[in-house]
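Enquirer: Following this line is input_17.cif, made up of mmCIF, C-alpha atoms:
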```
data_coords
#
loop_
_atom_site.label_atom_id
_atom_site.label_comp_id
_atom_site.auth_asym_id
_atom_site.auth_seq_id
_atom_site.Cartn_x
_atom_site.Cartn_y
_atom_site.Cartn_z
CA ALA E 1 3.53 29.46 -9.47
CA SER E 2 0.29 27.53 -9.51
CA LEU E 3 0.32 23.83 -10.18
CA LEU E 4 -3.07 24.11 -11.88
CA PRO E 5 -3.42 24.14 -15.65
CA THR E 6 -4.77 27.30 -17.27
CA ASN E 7 -6.98 27.98 -20.26
CA ARG E 8 -3.74 28.41 -22.24
CA ASP E 9 -3.27 24.64 -21.93
CA GLU E 10 -5.17 23.01 -24.82
CA ASN E 11 -6.82 20.26 -22.76
CA TRP E 12 -8.05 22.81 -20.23
CA ARG E 13 -9.12 25.58 -22.63
CA TYR E 14 -12.80 25.48 -21.65
CA ALA E 15 -12.47 24.42 -18.02
CA ASN E 16 -13.19 27.02 -15.36
CA LEU E 17 -10.64 26.23 -12.65
CA ARG E 18 -10.87 29.67 -10.98
CA PRO E 19 -12.84 28.35 -7.96
CA LEU E 20 -10.15 25.71 -7.48
CA ALA E 21 -7.39 28.32 -7.82
CA ARG E 22 -9.09 30.57 -5.21
CA ALA E 23 -9.55 27.76 -2.70
CA LYS E 24 -7.08 27.46 0.13
CA PRO E 25 -4.65 24.81 -1.13
CA GLU E 26 -3.66 23.46 2.28
CA GLN E 27 -5.23 20.27 3.58
CA ALA E 28 -8.32 21.10 5.64
CA SER E 29 -7.80 20.79 9.38
CA PRO E 30 -9.65 17.91 10.97
CA ALA E 31 -13.24 19.05 11.37
CA PRO E 32 -14.68 19.23 14.85
CA SER E 33 -17.13 16.47 15.55
CA ILE E 34 -19.84 17.14 12.97
CA ASP E 35 -23.00 15.09 12.89
CA PHE E 36 -23.90 13.73 9.50
CA THR E 37 -25.71 10.67 8.29
CA LEU E 38 -24.30 8.47 5.60
CA PRO E 39 -26.50 6.41 3.29
CA ALA E 40 -26.91 2.76 4.19
CA PRO E 41 -23.82 0.68 3.43
CA LEU E 42 -23.89 -1.28 0.20
CA PRO E 43 -24.54 -4.97 0.91
CA GLY E 44 -21.43 -7.11 0.57
CA HIS E 45 -19.04 -4.13 0.38
CA GLU E 46 -16.36 -3.00 2.79
CA ARG E 47 -16.93 0.66 3.64
CA TRP E 48 -14.05 3.12 3.81
CA VAL E 49 -15.11 6.61 4.94
CA PHE E 50 -12.89 9.67 4.61
CA THR E 51 -13.89 12.93 6.31
CA ASP E 52 -12.10 15.99 4.93
CA GLY E 53 -9.54 13.71 3.30
CA ARG E 54 -8.71 11.69 6.41
CA PHE E 55 -9.69 8.12 7.15
CA ASP E 56 -12.67 7.97 9.54
CA ALA E 57 -12.37 4.61 11.31
CA SER E 58 -15.49 5.15 13.42
CA ARG E 59 -17.72 5.24 10.31
CA SER E 60 -15.86 2.58 8.33
CA THR E 61 -16.29 -1.20 8.23
CA VAL E 62 -13.05 -2.71 6.99
CA ALA E 63 -12.89 -6.48 6.64
CA ALA E 64 -10.05 -8.58 7.98
CA GLY E 65 -7.77 -9.47 5.08
CA SER E 66 -8.93 -6.47 3.07
CA PRO E 67 -7.17 -5.89 -0.27
CA ALA E 68 -7.03 -2.19 0.71
CA LEU E 69 -4.32 -0.68 2.88
CA LEU E 70 -4.00 2.88 4.12
CA SER E 71 -0.58 4.53 4.11
CA SER E 72 0.85 8.01 4.39
CA THR E 73 1.73 10.02 1.30
CA ARG E 74 5.32 9.95 2.48
CA ASP E 75 5.24 6.17 1.95
CA GLY E 76 3.33 6.23 -1.34
CA GLY E 77 4.10 9.61 -2.90
CA ALA E 78 7.22 8.68 -4.87
CA ALA E 79 5.62 5.55 -6.34
CA PHE E 80 2.52 7.55 -7.34
CA GLN E 81 4.63 10.26 -9.01
CA SER E 82 6.63 7.61 -10.86
CA MET E 83 3.39 5.96 -12.07
CA LEU E 84 2.10 9.34 -13.33
CA ASP E 85 5.34 10.07 -15.16
CA GLY E 86 5.20 6.63 -16.80
CA ALA E 87 1.56 7.07 -17.88
CA ILE E 88 2.28 10.52 -19.31
CA ALA E 89 5.29 9.25 -21.24
CA ALA E 90 3.40 6.20 -22.56
CA ALA E 91 0.13 7.84 -23.56
CA GLY E 92 0.80 11.56 -23.58
CA ALA E 93 -2.08 11.77 -21.09
CA ASP E 94 -2.85 14.96 -19.19
CA PHE E 95 -2.65 14.27 -15.47
CA ALA E 96 -2.40 17.91 -14.33
CA LEU E 97 -4.89 17.58 -11.47
CA ALA E 98 -3.44 14.23 -10.44
CA ARG E 99 -0.09 15.99 -10.04
CA VAL E 100 -1.73 18.54 -7.72
CA ASN E 101 -3.23 15.67 -5.74
CA ALA E 102 0.15 13.90 -5.59
CA GLN E 103 1.72 16.87 -3.83
CA ARG E 104 -1.00 17.38 -1.21
CA GLY E 105 -2.94 15.34 1.27
CA ASP E 106 -1.99 12.99 4.04
CA GLU E 107 -3.12 9.50 3.13
CA VAL E 108 -3.24 7.08 0.22
CA LEU E 109 -5.62 4.13 0.00
CA HIS E 110 -3.85 1.33 -1.89
CA VAL E 111 -6.04 -1.43 -3.32
CA ARG E 112 -3.95 -4.37 -4.47
CA LEU E 113 -5.37 -7.50 -6.02
CA PRO E 114 -2.78 -10.14 -6.97
CA ASP E 115 -3.38 -12.49 -9.89
CA ASP E 116 -6.40 -14.78 -9.33
CA ALA E 117 -7.50 -12.93 -6.17
CA PRO E 118 -11.08 -13.51 -5.01
CA HIS E 119 -13.72 -10.90 -5.92
CA ALA E 120 -13.40 -7.76 -3.79
CA ALA E 121 -16.12 -5.15 -3.17
CA LEU E 122 -15.28 -1.72 -1.73
CA GLU E 123 -17.40 1.34 -1.06
CA LEU E 124 -15.40 4.56 -0.66
CA HIS E 125 -17.29 7.50 0.80
CA PHE E 126 -15.60 10.92 0.77
CA MET E 127 -17.32 13.47 3.03
CA ALA E 128 -16.36 17.16 2.83
CA CYS E 129 -17.21 19.02 6.04
CA ALA E 130 -14.72 21.92 6.26
CA PRO E 131 -15.61 25.11 4.33
CA GLY E 132 -13.47 25.74 1.23
CA ALA E 133 -11.92 28.77 2.93
CA ALA E 134 -10.57 26.47 5.67
CA GLY E 135 -8.79 24.17 3.24
CA SER E 136 -9.24 21.36 0.77
CA SER E 137 -9.16 17.60 0.92
CA TYR E 138 -7.17 15.45 -1.45
CA PRO E 139 -8.33 11.84 -1.37
CA ARG E 140 -6.02 9.51 -3.20
CA VAL E 141 -6.81 5.95 -4.22
CA GLN E 142 -4.41 3.72 -6.12
CA VAL E 143 -5.66 0.44 -7.60
CA GLN E 144 -3.44 -2.36 -8.85
CA ALA E 145 -5.33 -5.34 -10.21
CA GLY E 146 -3.66 -8.52 -11.35
CA ARG E 147 -4.84 -10.94 -14.00
CA ASN E 148 -8.14 -12.75 -13.55
CA THR E 149 -9.40 -10.46 -10.76
CA ARG E 150 -12.72 -8.73 -10.14
CA LEU E 151 -13.22 -5.54 -8.17
CA SER E 152 -16.45 -3.68 -7.47
CA LEU E 153 -15.46 -0.17 -6.45
CA VAL E 154 -18.13 2.40 -5.65
CA GLN E 155 -17.13 5.98 -4.84
CA ARG E 156 -19.51 8.39 -3.17
CA HIS E 157 -18.73 12.06 -2.66
CA SER E 158 -20.91 14.28 -0.47
CA SER E 159 -20.70 17.40 1.65
CA VAL E 160 -22.30 18.86 4.74
CA GLY E 161 -24.14 22.17 4.56
CA ASP E 162 -24.76 24.64 1.78
CA GLY E 163 -21.38 26.39 1.63
CA ASP E 164 -18.48 25.77 -0.71
CA ARG E 165 -16.51 22.60 -0.01
CA LEU E 166 -13.49 21.39 -1.90
CA GLY E 167 -12.78 17.71 -1.59
#
```
Would you put the structure from the file into structure tokens?
Expert:
Amino acid sequence: ASLLPTNRDENWRYANLRPLARAKPEQASPAPSIDFTLPAPLPGHERWVFTDGRFDASRSTVAAGSPALLSSTRDGGAAFQSMLDGAIAAAGADFALARVNAQRGDEVLHVRLPDDAPHAALELHFMACAPGAAGSSYPRVQVQAGRNTRLSLVQRHSSVGDGDRLG
């Protein structure tokens, strides 16, 4: 059975999820070394780059003492699922695609800002290189911000080539 919602689900009645349903659900294999150029980094921001859903340290600039920490889904999956269940129970929100994401992928980027933490600025760039037929990427970012905190978070999503990419 598919984890995806269908047009029989009220919140998804007009969404065309067929391309997503046809895509290979497995995590894309690490792409061979593909040349691509990223836009210039944003001034004053740490840069976290993910290629086909995996952290790309060679293209990233992570500051010492960063509020962000990378972990495996095995370490963060249960907490993420528990958070989703709590949000659904509290607000009746529809997190169908978040549930798909929670069951796939390798890594979770946790951003944690305790109360009164200094301003943090992060740029997350997600690059899809593998064709959709080779697999998908499932980037996951969890943000926990305490009281009296400021976070500038910029997400960029791009792909290489003209073919279908799913990430």
Enquirer: I would like the residues chosen by the PyMOL selection byres ((chain E and resi 140) around 7) on the shown file; could you give them as number ranges by chain?
Expert: E: 107-109, 138-139, 141-142
Enquirer: Taking into account only C-alpha atoms, which residue in the set E:His119, E:Arg112, E:His45, E:His125 is nearest to E:Arg59?
Expert: E:His125
Enquirer: Just give me the gap between atom CA of E:Met127 and atom CA of E:Ala40 in Å, one decimal is fine.
Expert: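 Going from atom CA of E:Met127 over to atom CA of E:Ala40 covers 14.4 Å.
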Enquirer: Provide the atom CA of E:Ala64 to atom CA of E:Asn148 distance in Å, to one decimal place.
Expert: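 Here the two named atoms are 22.0 Å from each other.
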Enquirer: Report as a list in words all protein, DNA and RNA residues lying within 8 Å of E:Leu17, evaluated on only C-alpha atoms, omitting residues in the same chain fewer than 4 positions from it.
Expert: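 Once the nearby chain positions are removed, what remains is Leu4, Thr6 and Ala21 of chain E.
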Enquirer: Which neighbours of E:Val49 fall inside 7 Å, counting only C-alpha atoms, when residues of the same chain fewer than 5 positions from it are skipped, and could you give them as a list in words?
Expert: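 Close residues of E:Val49: Phe55, Asp56, Arg59, Ser60, Leu124, His125 and Phe126 of chain E.
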Enquirer: Mind writing the picked residues with C-alpha atoms as a PDB file, in the frame of the given file?
Expert:
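Generated file (out35.pdb):
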```pdb
ATOM      1  CA  PHE E  55      -9.690   8.120   7.150  1.00  0.00           C
ATOM      2  CA  ASP E  56     -12.670   7.970   9.540  1.00  0.00           C
ATOM      3  CA  ARG E  59     -17.720   5.240  10.310  1.00  0.00           C
ATOM      4  CA  SER E  60     -15.860   2.580   8.330  1.00  0.00           C
ATOM      5  CA  LEU E 124     -15.400   4.560  -0.660  1.00  0.00           C
ATOM      6  CA  HIS E 125     -17.290   7.500   0.800  1.00  0.00           C
ATOM      7  CA  PHE E 126     -15.600  10.920   0.770  1.00  0.00           C
TER       8      PHE E 126
END
```
Enquirer: Restricting the calculation to all atoms listed in the file, which member of E:Asp35, E:Arg13, E:Ala63, E:Leu113 is positioned closest to E:Thr51?
Expert: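 Of E:Asp35, E:Arg13, E:Ala63, E:Leu113, the one nearest E:Thr51 is E:Asp35, counting all atoms listed in the file.
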Enquirer: Name the closest residue to E:Asp115 among the candidates E:Val143, E:Arg47, E:Arg150, E:Ala130; distances are taken between atoms, counting only C-alpha atoms.
Expert: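 Closest to E:Asp115, using only C-alpha atoms: E:Arg150.
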Enquirer: Between E:Leu70, E:Ala117, E:Ala128, E:Ser136, which one has atoms that come closest to E:Thr149, using all atoms listed in the file?
Expert: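 Ranked by minimum distance to E:Thr149, first place goes to E:Ala117.
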Enquirer: Taking (-18.2, 1.0, -4.3) in the coordinates of the supplied file, I want to know which residues reach to within 6 Å of it, counting only C-alpha atoms; could you give the answer as a list of chain:residue names?
Expert: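 The distance filter leaves exactly E:Leu122, E:Glu123, E:Leu124, E:Ser152, E:Leu153, E:Val154, E:Gln155.
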Enquirer: Can you tell me how far atom CA of E:Ala120 sits from atom CA of E:His157, in Å to one decimal?
Expert: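 That distance, rounded to one decimal, is 20.6 Å.
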Enquirer: Restricting the calculation to all atoms listed in the file, which member of E:Arg156, E:Ala57, E:Ser72, E:Phe50 is positioned closest to E:Ser137?
Expert: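 For E:Ser137, the nearest of the given residues is E:Phe50.
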Enquirer: Just so the selection is clear, what residues does the PyMOL selection byres ((chain E and resi 67) around 6) cover here, as a list of chain:residue names?
Expert: E:Ser66, E:Ala68, E:Val111, E:Arg112
Enquirer: Emit the selected residues as a PDB file, keeping the file's coordinate frame, including C-alpha atoms.
Expert:
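Below is the file again.pdb, written as the result:
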```pdb
ATOM      1  CA  SER E  66      -8.930  -6.470   3.070  1.00  0.00           C
ATOM      2  CA  ALA E  68      -7.030  -2.190   0.710  1.00  0.00           C
ATOM      3  CA  VAL E 111      -6.040  -1.430  -3.320  1.00  0.00           C
ATOM      4  CA  ARG E 112      -3.950  -4.370  -4.470  1.00  0.00           C
TER       5      ARG E 112
END
```
Enquirer: Which residue gives the smallest distance to E:Gly146 among E:Asn16, E:Trp48, E:Val160, E:Asp116, with all atoms listed in the file counted?
Expert: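 That would be E:Asp116, the residue with the smallest distance to E:Gly146.
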